[in-house]
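**Student:** Handing you this structure, nothing more for now.
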Amino acid sequence: MTRTPPLRRRRLGLPRRVFSQVLLMQLVIAAGVAVLATGLFLAPLSHQLDDQAMRRALAIAQTTAQNPRITEDLLRTSPTAGGPVQREAERIRRATGAEYVVVMDARGVRWSHTDPARIGGRVSTDPAPALAGHEVMQIDSGTLGRSARGKVPLLDARGRIVGAVSVGIAYESVRARLISVIPGLLAYAGGALAAGAAAAWLISRRVQRQTRDLAFSDIAALLAEREAMLHGIREGVVALDRAGRIRLLNDEARRLLGIGDEAAGRTPEEALGAGRTADVLAGRVTGTDLLTVRGHRVLVANRMPTGDGGAVATLRDRTELERLGRELDSTHGLIDALRAKDHEHANHLHTLLGLLELELYDDAVEFVGEVAGDHRATAEQVTGKIHDPLLAALLVGKATVAAERGVALRVSDRTRLPDRLVDPRGLVTVVGNLVDNALDAVAGTPHARVEVELRAEGRTAVLRVRDTGPGIPADRREVIFTEGWSTKTPPAHGKRGIGLSLVRRFAERQGGTVTVGEAAGSGAQFTVVLPEALAEPGLAAPARTAADSVADTAEEASR
């Protein structure tokens, strides 16, 4: 026989939801405040009612004692139930609503009383203070029960104390007034409690919507998970508030942007400086997978608005991918150059074979000499003017590619560049980008020509690349240096619009400039000026190492 597991008892405790806990706490607070306010109101109210009753009794007693007829009748008559003192005291009692008005002589003998049978007897409470000339207010018990009393001395025409007047207000009437106030007070307290409960419910409902009806433990777990996710992913995350200020940065965003915790609370312009990266983060540039350059890094940014009016931007590092893409482009260019050489070499072999078959041996020897001389002339022309081997090799290869594309690439006669470059690889990147752009601009046009001029002016290197293409309109000569701007079809490995931006970044990092204008005749002319790009004469240019690259990276990040 299978035993039925015992039922688990639910443990009493606070509800788990934030909405329920906030509502419960607010209701407890509202109820506590209502009870406390009611108690604080009732406590002095009882004392005030007692004081009012005693002062009323004292006032009646004072008024009665000022009546000269009572004093005269007290001195010339006897204490009787039908005497003038009794009649006057009863008239005053009925007129004022007092419980009793007792007139006594100097011995404490009653001359008036609510119960005529007690006239002529001594009063039940001590009359000494009043007979001594003092006015008395008190809550005391007598023959008629507990009452609020006022006692004053009774004076004759000469100011001598001849007796006293005692007036009592029934204490039950005072208690009745207090009890009559309680229902109204409780009604007000209940109304205030109901209003507080309604306000607490509305506030709790707002909290419920804002917290998605989660429990405190769930919120704490989400916060811990968010922190782990933000600092664990390999994408930069930047959160901005509705005023456009940075309120959160994860570790990767700090690394990619080169900023620290001091950026929190500042706008992107204040933290990063003016530029495309700040514009993308601020939302002034819209779109998906926006390219931007920060220092030496190529970043892809996406920005998503949030429900509270802020935004979250994600950043991915595409520097390595762009480098691989450029290497792929260079490889394609090399393949194109080899293909062109192969095609040209095949034509030369076919021509040589025909000359040999025709037994024109002298012509064959002359043809081989011309072909070898042309190639040698091109290489010697470049190396004779540009002594840096990397740049010379680049331009020789670009000349071959240009010839295949029907473009004449020539090196200007003014070109003179010694082998003293501080950063030849950086200049290779600049020249390669500008020459590629020029070839793309003139390809397919008649009499296409690209001219490269490289010369040294002291330690300054000046580069000019001219083409015979359509040129660049004056209103676009600044926007072409913006990251992501391009008129070309993107390649398969990524996006365009990076080359000219990197050229300008490299020039600015070296303290130089990049400008674009109109070439003589037609087309565009790019001019790059790089101060201190060459080492001092007689000194060998320092070799570029990985450490140098790291130093450049750190320097750029600090900027």
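Chain labels follow the order of the structure tokens: the first chain is A, the next B, and so on; residue numbering restarts at 1 in every chain, and ligands are counted from 1 in their shown order.
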Please identify all polymer residues within 7 Å of region 70-79 of chain A, counting only C-alpha atoms, omitting same-chain residues fewer than 6 positions from it, and present them as a ChimeraX atom specification.

**Tutor:** /A:85,111,119-120,156

**Student:** So that I have them on file, write out the residues from the current selection with all heavy atoms, as an mmCIF file, in the first residue's frame.

**Tutor:**
```
data_model
loop_
_atom_site.group_PDB
_atom_site.id
_atom_site.type_symbol
_atom_site.label_atom_id
_atom_site.label_comp_id
_atom_site.auth_asym_id
_atom_site.auth_seq_id
_atom_site.Cartn_x
_atom_site.Cartn_y
_atom_site.Cartn_z
ATOM 1 N N VAL A 85 -32.623 82.288 49.910
ATOM 2 C CA VAL A 85 -31.344 81.814 49.361
ATOM 3 C C VAL A 85 -31.562 80.574 48.499
ATOM 4 O O VAL A 85 -31.002 80.422 47.408
ATOM 5 C CB VAL A 85 -30.348 81.526 50.494
ATOM 6 C CG1 VAL A 85 -29.075 80.929 49.942
ATOM 7 C CG2 VAL A 85 -30.049 82.797 51.285
ATOM 8 N N TRP A 111 -27.158 76.449 52.807
ATOM 9 C CA TRP A 111 -28.352 77.282 52.779
ATOM 10 C C TRP A 111 -29.164 77.014 51.520
ATOM 11 O O TRP A 111 -30.286 77.496 51.386
ATOM 12 C CB TRP A 111 -27.980 78.765 52.844
ATOM 13 C CG TRP A 111 -27.534 79.173 54.235
ATOM 14 C CD1 TRP A 111 -26.471 78.756 54.909
ATOM 15 C CD2 TRP A 111 -28.208 80.080 55.068
ATOM 16 N NE1 TRP A 111 -26.389 79.313 56.143
ATOM 17 C CE2 TRP A 111 -27.467 80.175 56.267
ATOM 18 C CE3 TRP A 111 -29.389 80.865 54.968
ATOM 19 C CZ2 TRP A 111 -27.856 80.981 57.346
ATOM 20 C CZ3 TRP A 111 -29.735 81.687 56.026
ATOM 21 C CH2 TRP A 111 -28.982 81.739 57.200
ATOM 22 N N ILE A 119 -30.582 70.819 53.291
ATOM 23 C CA ILE A 119 -30.363 72.204 53.734
ATOM 24 C C ILE A 119 -30.264 72.222 55.257
ATOM 25 O O ILE A 119 -31.040 71.578 55.962
ATOM 26 C CB ILE A 119 -31.509 73.110 53.254
ATOM 27 C CG1 ILE A 119 -31.527 73.146 51.711
ATOM 28 C CG2 ILE A 119 -31.382 74.522 53.836
ATOM 29 C CD1 ILE A 119 -32.685 73.935 51.149
ATOM 30 N N GLY A 120 -29.305 72.974 55.770
ATOM 31 C CA GLY A 120 -29.056 73.045 57.202
ATOM 32 C C GLY A 120 -27.969 72.104 57.659
ATOM 33 O O GLY A 120 -27.488 72.206 58.797
ATOM 34 N N ASP A 156 -19.371 90.027 52.062
ATOM 35 C CA ASP A 156 -20.421 91.021 52.328
ATOM 36 C C ASP A 156 -20.015 92.366 51.747
ATOM 37 O O ASP A 156 -18.993 92.465 51.030
ATOM 38 C CB ASP A 156 -20.687 91.104 53.831
ATOM 39 C CG ASP A 156 -19.464 91.549 54.629
ATOM 40 O OD1 ASP A 156 -18.437 91.923 53.967
ATOM 41 O OD2 ASP A 156 -19.490 91.497 55.852
#
```

**Student:** Might you pull out every residue within 8 Å of region 242-253 of chain A, with only C-alpha atoms counted and same-chain residues fewer than 3 positions away left off, and present them as an mmCIF file with N, CA, C and O atoms, in the first residue's frame?

**Tutor:**
```
data_model
loop_
_atom_site.group_PDB
_atom_site.id
_atom_site.type_symbol
_atom_site.label_atom_id
_atom_site.label_comp_id
_atom_site.auth_asym_id
_atom_site.auth_seq_id
_atom_site.Cartn_x
_atom_site.Cartn_y
_atom_site.Cartn_z
ATOM 1 N N LEU A 230 27.002 41.912 -18.356
ATOM 2 C CA LEU A 230 27.633 43.115 -18.880
ATOM 3 C C LEU A 230 29.148 43.010 -18.874
ATOM 4 O O LEU A 230 29.821 43.453 -19.812
ATOM 5 N N HIS A 231 29.691 42.435 -17.809
ATOM 6 C CA HIS A 231 31.138 42.379 -17.695
ATOM 7 C C HIS A 231 31.720 41.086 -18.293
ATOM 8 O O HIS A 231 32.937 40.928 -18.306
ATOM 9 N N ILE A 233 30.419 39.708 -21.483
ATOM 10 C CA ILE A 233 30.319 39.666 -22.945
ATOM 11 C C ILE A 233 31.476 40.426 -23.564
ATOM 12 O O ILE A 233 32.084 41.300 -22.945
ATOM 13 N N ARG A 234 31.783 40.096 -24.804
ATOM 14 C CA ARG A 234 32.891 40.714 -25.522
ATOM 15 C C ARG A 234 32.412 41.832 -26.429
ATOM 16 O O ARG A 234 33.044 42.152 -27.428
ATOM 17 N N GLU A 235 31.297 42.444 -26.101
ATOM 18 C CA GLU A 235 30.803 43.619 -26.801
ATOM 19 C C GLU A 235 30.720 44.765 -25.804
ATOM 20 O O GLU A 235 30.373 44.567 -24.641
ATOM 21 N N GLY A 236 31.031 45.967 -26.266
ATOM 22 C CA GLY A 236 30.906 47.132 -25.402
ATOM 23 C C GLY A 236 29.448 47.540 -25.281
ATOM 24 O O GLY A 236 28.706 47.537 -26.261
ATOM 25 N N VAL A 237 29.030 47.874 -24.075
ATOM 26 C CA VAL A 237 27.661 48.308 -23.814
ATOM 27 C C VAL A 237 27.719 49.666 -23.121
ATOM 28 O O VAL A 237 28.395 49.831 -22.099
ATOM 29 N N VAL A 238 27.016 50.643 -23.698
ATOM 30 C CA VAL A 238 26.942 51.991 -23.133
ATOM 31 C C VAL A 238 25.465 52.325 -22.950
ATOM 32 O O VAL A 238 24.702 52.295 -23.924
ATOM 33 N N ALA A 239 25.051 52.607 -21.711
ATOM 34 C CA ALA A 239 23.663 52.982 -21.419
ATOM 35 C C ALA A 239 23.607 54.481 -21.156
ATOM 36 O O ALA A 239 24.449 55.037 -20.445
ATOM 37 N N LEU A 256 37.280 49.700 -25.445
ATOM 38 C CA LEU A 256 37.150 50.114 -26.836
ATOM 39 C C LEU A 256 37.165 51.633 -26.978
ATOM 40 O O LEU A 256 37.720 52.168 -27.947
ATOM 41 N N LEU A 257 36.542 52.337 -26.024
ATOM 42 C CA LEU A 257 36.457 53.784 -26.124
ATOM 43 C C LEU A 257 37.622 54.493 -25.447
ATOM 44 O O LEU A 257 37.800 55.697 -25.629
ATOM 45 N N GLY A 258 38.384 53.757 -24.641
ATOM 46 C CA GLY A 258 39.520 54.369 -23.970
ATOM 47 C C GLY A 258 39.136 55.350 -22.890
ATOM 48 O O GLY A 258 39.810 56.359 -22.692
ATOM 49 N N ASP A 261 35.595 55.227 -15.481
ATOM 50 C CA ASP A 261 34.362 55.498 -14.741
ATOM 51 C C ASP A 261 34.050 56.983 -14.664
ATOM 52 O O ASP A 261 32.907 57.351 -14.357
ATOM 53 N N ALA A 263 33.573 58.899 -16.931
ATOM 54 C CA ALA A 263 32.647 59.281 -18.000
ATOM 55 C C ALA A 263 31.198 59.207 -17.551
ATOM 56 O O ALA A 263 30.327 59.812 -18.192
ATOM 57 N N ALA A 264 30.909 58.480 -16.471
ATOM 58 C CA ALA A 264 29.523 58.362 -15.994
ATOM 59 C C ALA A 264 29.007 59.731 -15.589
ATOM 60 O O ALA A 264 29.686 60.501 -14.913
ATOM 61 N N GLY A 265 27.772 60.022 -16.016
ATOM 62 C CA GLY A 265 27.163 61.304 -15.713
ATOM 63 C C GLY A 265 27.500 62.401 -16.707
ATOM 64 O O GLY A 265 27.021 63.533 -16.557
ATOM 65 N N ARG A 266 28.301 62.091 -17.723
ATOM 66 C CA ARG A 266 28.668 63.082 -18.728
ATOM 67 C C ARG A 266 28.075 62.695 -20.075
ATOM 68 O O ARG A 266 27.756 61.529 -20.316
ATOM 69 N N THR A 267 27.921 63.661 -20.954
ATOM 70 C CA THR A 267 27.415 63.383 -22.294
ATOM 71 C C THR A 267 28.530 62.749 -23.128
ATOM 72 O O THR A 267 29.716 62.862 -22.789
ATOM 73 N N PRO A 268 28.190 62.049 -24.223
ATOM 74 C CA PRO A 268 29.238 61.476 -25.072
ATOM 75 C C PRO A 268 30.235 62.508 -25.576
ATOM 76 O O PRO A 268 31.431 62.220 -25.689
ATOM 77 N N ALA A 282 25.011 59.451 -29.189
ATOM 78 C CA ALA A 282 23.962 60.411 -28.837
ATOM 79 C C ALA A 282 22.718 60.251 -29.695
ATOM 80 O O ALA A 282 21.691 60.858 -29.392
ATOM 81 N N ASP A 308 12.306 54.260 -20.975
ATOM 82 C CA ASP A 308 12.357 55.419 -20.075
ATOM 83 C C ASP A 308 12.925 56.659 -20.752
ATOM 84 O O ASP A 308 13.229 57.645 -20.080
ATOM 85 N N GLY A 309 13.062 56.638 -22.071
ATOM 86 C CA GLY A 309 13.579 57.796 -22.780
ATOM 87 C C GLY A 309 15.074 57.762 -23.013
ATOM 88 O O GLY A 309 15.607 58.647 -23.679
ATOM 89 N N GLY A 310 15.759 56.784 -22.451
ATOM 90 C CA GLY A 310 17.201 56.650 -22.649
ATOM 91 C C GLY A 310 17.521 55.777 -23.850
ATOM 92 O O GLY A 310 16.703 55.613 -24.763
ATOM 93 N N ALA A 311 18.699 55.214 -23.847
ATOM 94 C CA ALA A 311 19.116 54.350 -24.961
ATOM 95 C C ALA A 311 20.263 53.466 -24.496
ATOM 96 O O ALA A 311 20.941 53.763 -23.507
ATOM 97 N N LEU A 315 28.793 48.141 -28.944
ATOM 98 C CA LEU A 315 29.976 48.391 -29.769
ATOM 99 C C LEU A 315 30.711 47.078 -29.997
ATOM 100 O O LEU A 315 30.944 46.318 -29.049
#
```

**Student:** Give me every strand (DSSP E or B) residue in region 117-349 of chain A, going by DSSP on the backbone, as a ChimeraX atom specification.

**Tutor:** /A:122,136-142,145-155,161-170,215,236-240,246-249,290-294,297-305,311-317

**Student:** To one decimal in Å, tell me the separation between CA of Leu155 (chain A) and CA of Ala128 (chain A).

**Tutor:**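 These two atoms are separated by 14.9 Å.
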
**Student:** When you count only C-alpha atoms, which of these residues is closest to Asp50 (chain A): A:Glu508, A:Glu172, A:Glu88, A:Glu99?

**Tutor:** A:Glu172

**Student:** For Leu352 (chain A), work out the shell of residues within 9 Å, counting only C-alpha atoms and skipping chain neighbours fewer than 5 positions away, then give it as a PyMOL selection string.

**Tutor:** chain A and resi 347+357+363-365+367-368
